[in-house]
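Contents: one structure, followed by commentary.
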Amino acid sequence: MGTLDGKVAIVSGSGRGIGREIALKLASEGASVVVNDLDPEPASQTEHDIKAAGGQAVSCIGSVAEDGFAERFVDTAVESFGGLDIIVNNAGYTWDSVIQKMTDEQWDTILDVNLKAPFRILRAAQPFVKANPTDYHRKVVNISSTSGVFGNAGQSNYGSAKAAVVGLTKTLAKEWGRYKVNVNAVAFGFVVTRMTEVTADSDTKITIDGRDIRVGVNPDRMAAMATTIPFGRGATPAEAAGAVYLLCTPESDYVNSQCLVVDGGRV
């Protein structure tokens, strides 16, 4: 038996990277999972892999920033699996620039994806949570970043959004405690994903929601970062997912309003 048997989870941005590993981990512990991604292919792959391992999953394709997505996301869980017990607000990306060069579009886009979308998803979930009390604790885990905790040059938009996610977390923990819901955040440091993969090309880009976004970390910078982490490396997506899983377990029932920094003890 898994520690999450019978639970229903929604995980935004779970077609790739950290989100995919979160979805796989929750499913491996018995949760039925609603998978989300902008693109059908990665979402379908995660859904397929969960089912192939004996779990239950369904996909909800679309941008978390779209009007109406939050309600559709919540409804998919309720209609497909009959409930909603775990919410992981993971979807997000960066669009970096120093402040004097940052456009309003960059600012608004990153705040919409990383802050407004989690707010909307939680707002959409509240009526169901309130109307369907449980004798166990439901869980919310919002993904923040060390950029929001400590700041990071070139990320005034992303750092502001992720700092605000912690404020949203602490506020909702106070509002939803009466519903037996734990609301916590995880602030990741360096995790090796497609957004941070080592590249010698400083102009490597991927397309997200119709925009070309520069990604990748210069090898020299990567090596320098590694020296500040006691383990000498960044986290794997599976290791990152493990931290989220901890906050979804019954063992965390009295952990509330916290921001767990997961950076390998970086100094």
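By convention in this document, the chains of the structure tokens carry letters A, B, ... by their order, each chain's residues are numbered from 1, and ligands are numbered from 1 in the order they are shown.
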
Can you pull out the residues contacting segment 108-111 of chain A? Cut-off 8 Å, using only C-alpha atoms, and skip same-chain residues under 3 positions away; I want them as a PDB file with C-alpha atoms, in the first residue's frame.
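What follows is the written file part16.pdb:
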ATOM      1  CA  GLY A  92       6.551  28.141 -14.279  1.00  0.00           C
ATOM      2  CA  TYR A  93       9.542  29.410 -16.172  1.00  0.00           C
ATOM      3  CA  THR A  94      11.981  32.303 -16.270  1.00  0.00           C
ATOM      4  CA  TRP A  95      12.413  35.175 -18.725  1.00  0.00           C
ATOM      5  CA  ASP A 104       6.362  45.183 -19.145  1.00  0.00           C
ATOM      6  CA  GLU A 105       5.600  42.068 -21.167  1.00  0.00           C
ATOM      7  CA  ASN A 114       4.348  31.943 -11.508  1.00  0.00           C
ATOM      8  CA  LEU A 115       1.978  33.838  -9.198  1.00  0.00           C
ATOM      9  CA  LYS A 116      -1.416  34.605 -10.705  1.00  0.00           C
ATOM     10  CA  ASN A 157      10.275  39.450 -12.278  1.00  0.00           C
ATOM     11  CA  TYR A 158      10.813  35.795 -11.338  1.00  0.00           C
ATOM     12  CA  SER A 160       9.295  38.860  -7.114  1.00  0.00           C
ATOM     13  CA  ALA A 161       6.789  36.230  -8.236  1.00  0.00           C
TER      14      ALA A 161
END

Neighbour list for Ser14 of chain A as a list in words, cut-off 9 Å, only C-alpha atoms, skip fewer than 6 positions in-chain: Arg20, Glu21, Ile22, Ala23, Leu24, Val34, Val35, Asn36, Asp37, Pro42, Ala43, Thr46, Asn90 and Ala91 of chain A

With all heavy atoms retained, export the selected residues as a tab-separated table (two decimals), in the first residue's frame.
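The resulting out22.tsv:
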chain	number	residue	atom	x	y	z
A	20	ARG	N	7.08	16.47	-13.78
A	20	ARG	CA	6.90	15.07	-14.18
A	20	ARG	C	7.30	14.14	-13.05
A	20	ARG	O	6.57	13.18	-12.74
A	20	ARG	CB	7.74	14.78	-15.43
A	20	ARG	CG	7.83	13.29	-15.77
A	20	ARG	CD	8.72	13.06	-16.99
A	20	ARG	NE	9.15	11.68	-17.07
A	20	ARG	CZ	8.43	10.68	-17.58
A	20	ARG	NH1	7.22	10.92	-18.04
A	20	ARG	NH2	8.92	9.46	-17.62
A	21	GLU	N	8.44	14.41	-12.43
A	21	GLU	CA	8.90	13.55	-11.34
A	21	GLU	C	7.97	13.62	-10.14
A	21	GLU	O	7.77	12.62	-9.44
A	21	GLU	CB	10.33	13.92	-10.95
A	21	GLU	CG	11.36	13.63	-12.02
A	21	GLU	CD	11.44	12.16	-12.39
A	21	GLU	OE1	11.23	11.31	-11.51
A	21	GLU	OE2	11.74	11.86	-13.57
A	22	ILE	N	7.40	14.79	-9.88
A	22	ILE	CA	6.42	14.90	-8.80
A	22	ILE	C	5.21	14.02	-9.10
A	22	ILE	O	4.73	13.27	-8.25
A	22	ILE	CB	5.99	16.36	-8.60
A	22	ILE	CG1	7.16	17.21	-8.09
A	22	ILE	CG2	4.81	16.46	-7.62
A	22	ILE	CD1	6.89	18.70	-8.10
A	23	ALA	N	4.70	14.13	-10.32
A	23	ALA	CA	3.53	13.33	-10.70
A	23	ALA	C	3.82	11.84	-10.59
A	23	ALA	O	3.00	11.06	-10.07
A	23	ALA	CB	3.11	13.69	-12.12
A	24	LEU	N	4.98	11.42	-11.07
A	24	LEU	CA	5.35	10.00	-11.00
A	24	LEU	C	5.48	9.53	-9.56
A	24	LEU	O	5.05	8.42	-9.21
A	24	LEU	CB	6.67	9.76	-11.74
A	24	LEU	CG	6.65	9.94	-13.26
A	24	LEU	CD1	8.06	9.83	-13.82
A	24	LEU	CD2	5.73	8.93	-13.93
A	34	VAL	N	-3.83	14.22	-11.95
A	34	VAL	CA	-4.16	15.00	-13.14
A	34	VAL	C	-2.87	15.66	-13.60
A	34	VAL	O	-2.30	16.49	-12.89
A	34	VAL	CB	-5.24	16.05	-12.86
A	34	VAL	CG1	-5.53	16.85	-14.14
A	34	VAL	CG2	-6.52	15.40	-12.35
A	35	VAL	N	-2.41	15.27	-14.78
A	35	VAL	CA	-1.18	15.76	-15.36
A	35	VAL	C	-1.48	16.98	-16.22
A	35	VAL	O	-2.49	17.02	-16.93
A	35	VAL	CB	-0.50	14.67	-16.22
A	35	VAL	CG1	0.75	15.19	-16.89
A	35	VAL	CG2	-0.21	13.44	-15.38
A	36	ASN	N	-0.59	17.97	-16.18
A	36	ASN	CA	-0.79	19.17	-17.00
A	36	ASN	C	0.49	19.55	-17.72
A	36	ASN	O	1.57	19.46	-17.16
A	36	ASN	CB	-1.25	20.35	-16.14
A	36	ASN	CG	-0.97	21.69	-16.79
A	36	ASN	OD1	-0.04	22.38	-16.39
A	36	ASN	ND2	-1.74	22.04	-17.79
A	37	ASP	N	0.33	20.00	-18.95
A	37	ASP	CA	1.43	20.62	-19.68
A	37	ASP	C	0.84	21.49	-20.77
A	37	ASP	O	-0.33	21.32	-21.17
A	37	ASP	CB	2.36	19.56	-20.29
A	37	ASP	CG	3.73	20.13	-20.65
A	37	ASP	OD1	3.88	20.65	-21.78
A	37	ASP	OD2	4.63	20.09	-19.79
A	42	PRO	N	4.22	15.73	-24.07
A	42	PRO	CA	4.83	15.39	-22.78
A	42	PRO	C	3.81	15.02	-21.72
A	42	PRO	O	4.07	14.14	-20.88
A	42	PRO	CB	5.61	16.66	-22.40
A	42	PRO	CG	5.01	17.74	-23.22
A	42	PRO	CD	4.55	17.11	-24.48
A	43	ALA	N	2.64	15.65	-21.74
A	43	ALA	CA	1.60	15.29	-20.77
A	43	ALA	C	1.14	13.86	-21.00
A	43	ALA	O	0.97	13.08	-20.05
A	43	ALA	CB	0.43	16.26	-20.88
A	46	THR	N	3.75	11.37	-19.67
A	46	THR	CA	3.69	11.20	-18.22
A	46	THR	C	2.48	10.38	-17.82
A	46	THR	O	2.57	9.47	-16.99
A	46	THR	CB	3.65	12.57	-17.51
A	46	THR	OG1	4.83	13.32	-17.87
A	46	THR	CG2	3.59	12.41	-16.00
A	90	ASN	N	3.25	23.84	-9.65
A	90	ASN	CA	4.64	23.68	-10.10
A	90	ASN	C	4.96	24.45	-11.38
A	90	ASN	O	6.10	24.86	-11.57
A	90	ASN	CB	4.94	22.19	-10.31
A	90	ASN	CG	6.23	21.97	-11.05
A	90	ASN	OD1	7.32	22.09	-10.50
A	90	ASN	ND2	6.13	21.66	-12.35
A	91	ALA	N	3.98	24.65	-12.26
A	91	ALA	CA	4.26	25.23	-13.58
A	91	ALA	C	4.91	26.61	-13.45
A	91	ALA	O	4.52	27.42	-12.61
A	91	ALA	CB	2.97	25.34	-14.38

Å distance separating atom CA of Ala31 of chain A from atom CA of Phe128 of chain A, one decimal place: 18.2 Å

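Proximity to Gly82 of chain A was assessed for A:Ser32, A:Ser147, A:Ser12, A:Thr3 counting only C-alpha atoms; the smallest distance is recorded for A:Ser32.
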
Picked from segment 118-188 of chain A by DSSP as strand (DSSP E), as an MDAnalysis selection string: chainID A and resid 138:145 181:188

Could you dump the residues just selected with all heavy atoms as a tab-separated table (two decimals), in the first residue's frame?
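Done, and the output landed in out.tsv:
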chain	number	residue	atom	x	y	z
A	138	ARG	N	-5.78	17.50	3.76
A	138	ARG	CA	-5.41	17.76	2.38
A	138	ARG	C	-4.09	18.54	2.35
A	138	ARG	O	-3.69	19.11	3.35
A	138	ARG	CB	-6.50	18.55	1.66
A	138	ARG	CG	-7.80	17.77	1.40
A	138	ARG	CD	-8.76	18.62	0.61
A	138	ARG	NE	-9.87	17.86	0.07
A	138	ARG	CZ	-11.12	17.92	0.53
A	138	ARG	NH1	-11.41	18.70	1.57
A	138	ARG	NH2	-12.08	17.20	-0.02
A	139	LYS	N	-3.44	18.57	1.17
A	139	LYS	CA	-2.13	19.20	1.06
A	139	LYS	C	-2.05	20.14	-0.14
A	139	LYS	O	-2.53	19.81	-1.23
A	139	LYS	CB	-1.03	18.14	0.89
A	139	LYS	CG	-1.07	17.01	1.91
A	139	LYS	CD	-0.64	17.47	3.30
A	139	LYS	CE	-0.64	16.29	4.27
A	139	LYS	NZ	-0.10	16.65	5.59
A	140	VAL	N	-1.45	21.29	0.08
A	140	VAL	CA	-1.08	22.21	-1.00
A	140	VAL	C	0.42	22.43	-0.91
A	140	VAL	O	0.94	22.74	0.17
A	140	VAL	CB	-1.81	23.56	-0.88
A	140	VAL	CG1	-1.26	24.55	-1.91
A	140	VAL	CG2	-3.32	23.39	-1.05
A	141	VAL	N	1.11	22.28	-2.03
A	141	VAL	CA	2.54	22.59	-2.09
A	141	VAL	C	2.75	23.55	-3.26
A	141	VAL	O	2.52	23.19	-4.42
A	141	VAL	CB	3.42	21.34	-2.27
A	141	VAL	CG1	4.89	21.75	-2.25
A	141	VAL	CG2	3.13	20.31	-1.19
A	142	ASN	N	3.16	24.77	-2.95
A	142	ASN	CA	3.45	25.77	-3.97
A	142	ASN	C	4.95	25.81	-4.21
A	142	ASN	O	5.74	25.86	-3.26
A	142	ASN	CB	2.97	27.15	-3.50
A	142	ASN	CG	1.47	27.21	-3.33
A	142	ASN	OD1	0.72	26.68	-4.15
A	142	ASN	ND2	1.01	27.86	-2.27
A	143	ILE	N	5.34	25.80	-5.47
A	143	ILE	CA	6.77	25.80	-5.79
A	143	ILE	C	7.29	27.22	-5.88
A	143	ILE	O	6.86	28.01	-6.73
A	143	ILE	CB	7.06	25.04	-7.09
A	143	ILE	CG1	6.51	23.60	-7.00
A	143	ILE	CG2	8.55	25.03	-7.36
A	143	ILE	CD1	6.98	22.81	-5.81
A	144	SER	N	8.21	27.53	-4.99
A	144	SER	CA	8.90	28.82	-5.00
A	144	SER	C	10.31	28.60	-5.53
A	144	SER	O	10.57	27.65	-6.27
A	144	SER	CB	8.90	29.42	-3.59
A	144	SER	OG	9.52	30.69	-3.58
A	145	SER	N	11.23	29.44	-5.15
A	145	SER	CA	12.60	29.35	-5.64
A	145	SER	C	13.51	30.11	-4.69
A	145	SER	O	13.08	31.06	-4.01
A	145	SER	CB	12.70	29.97	-7.04
A	145	SER	OG	14.05	30.18	-7.43
A	181	VAL	N	-6.36	21.68	5.84
A	181	VAL	CA	-5.48	21.71	4.68
A	181	VAL	C	-4.13	22.29	5.11
A	181	VAL	O	-4.08	23.37	5.70
A	181	VAL	CB	-6.07	22.57	3.54
A	181	VAL	CG1	-5.11	22.59	2.35
A	181	VAL	CG2	-7.43	22.06	3.12
A	182	ASN	N	-3.07	21.56	4.81
A	182	ASN	CA	-1.71	22.06	5.04
A	182	ASN	C	-1.26	22.80	3.78
A	182	ASN	O	-1.34	22.24	2.68
A	182	ASN	CB	-0.74	20.92	5.30
A	182	ASN	CG	-1.10	20.12	6.52
A	182	ASN	OD1	-2.09	19.37	6.51
A	182	ASN	ND2	-0.32	20.25	7.58
A	183	VAL	N	-0.78	24.01	3.94
A	183	VAL	CA	-0.30	24.79	2.80
A	183	VAL	C	1.15	25.17	3.04
A	183	VAL	O	1.46	25.92	3.96
A	183	VAL	CB	-1.15	26.06	2.58
A	183	VAL	CG1	-0.73	26.75	1.29
A	183	VAL	CG2	-2.64	25.73	2.54
A	184	ASN	N	2.03	24.63	2.21
A	184	ASN	CA	3.46	24.87	2.34
A	184	ASN	C	4.07	25.18	0.98
A	184	ASN	O	3.43	25.02	-0.06
A	184	ASN	CB	4.15	23.64	2.95
A	184	ASN	CG	3.73	23.39	4.39
A	184	ASN	OD1	4.08	24.16	5.28
A	184	ASN	ND2	2.98	22.31	4.61
A	185	ALA	N	5.32	25.62	1.01
A	185	ALA	CA	6.04	25.92	-0.22
A	185	ALA	C	7.39	25.22	-0.20
A	185	ALA	O	7.95	24.93	0.87
A	185	ALA	CB	6.24	27.42	-0.38
A	186	VAL	N	7.92	24.96	-1.37
A	186	VAL	CA	9.28	24.45	-1.53
A	186	VAL	C	10.03	25.42	-2.43
A	186	VAL	O	9.58	25.73	-3.54
A	186	VAL	CB	9.30	23.04	-2.14
A	186	VAL	CG1	10.73	22.60	-2.42
A	186	VAL	CG2	8.62	22.04	-1.22
A	187	ALA	N	11.15	25.93	-1.94
A	187	ALA	CA	11.99	26.85	-2.72
A	187	ALA	C	13.21	26.10	-3.22
A	187	ALA	O	14.12	25.79	-2.44
A	187	ALA	CB	12.39	28.05	-1.87
A	188	PHE	N	13.21	25.80	-4.50
A	188	PHE	CA	14.33	25.04	-5.08
A	188	PHE	C	15.49	25.95	-5.42
A	188	PHE	O	15.32	27.09	-5.87
A	188	PHE	CB	13.88	24.32	-6.36
A	188	PHE	CG	12.95	23.18	-6.11
A	188	PHE	CD1	11.71	23.14	-6.73
A	188	PHE	CD2	13.31	22.14	-5.27
A	188	PHE	CE1	10.85	22.08	-6.51
A	188	PHE	CE2	12.46	21.08	-5.05
A	188	PHE	CZ	11.22	21.05	-5.66

Residues near Thr228 of chain A, cut-off 10 Å, only C-alpha atoms, skip fewer than 5 positions along chain, as a PyMOL selection string: chain A and resi 223+233+264-267

Nearest candidate to Phe73 of chain A (options A:Ile18, A:Leu26, A:Ala52, A:Ala125; using only C-alpha atoms):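 For Phe73 of chain A, the nearest of the given residues is A:Ala125.
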
Among the residues A:Thr134, A:Gln106, A:Thr76, A:Asn89, the one that comes closest to Arg211 of chain A [using only C-alpha atoms]: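 Ranking A:Thr134, A:Gln106, A:Thr76, A:Asn89 by distance to Arg211 of chain A, first place goes to A:Gln106.
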
Selected residue of minimal separation from Val166 of chain A among A:Gly148, A:Ala243, A:Ala224, A:Tyr136, counting only C-alpha atoms: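 Of all the options, A:Gly148 lies closest to Val166 of chain A.
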
Helix (DSSP H, G or I) positions in segment 47-248 of chain A, given as a VMD selection string: chain A and resid 47 to 52 69 to 81 99 to 101 104 to 131 146 to 149 156 to 179 219 to 226 237 to 246

Shell around segment 77-79 of chain A at 12 Å using only C-alpha atoms, local window under 6 positions removed, as a list in words: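 Neighbouring residues, sequence-local ones excluded: Lys7, Val8, Ala9, Ile10, Val11, Ala31, Ser32, Val33, Val34, Val35, Asn36, Gln56, Ala57, Val58, Ser59, Cys60, Ala70, Glu71, Asp85, Ile86, Ile87, Ala124, Ala125, Pro127, Phe128, Val129 and Asn132 of chain A.
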
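Counting only C-alpha atoms and comparing A:Gly15, A:Gly62, A:Gly151, A:Gly234, the residue that lies closest to Asp49 of chain A is A:Gly15.
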
Pairwise distance for atom CA of Asp67 of chain A and atom CA of Ala164 of chain A, rounded to one decimal in Å: 20.6 Å
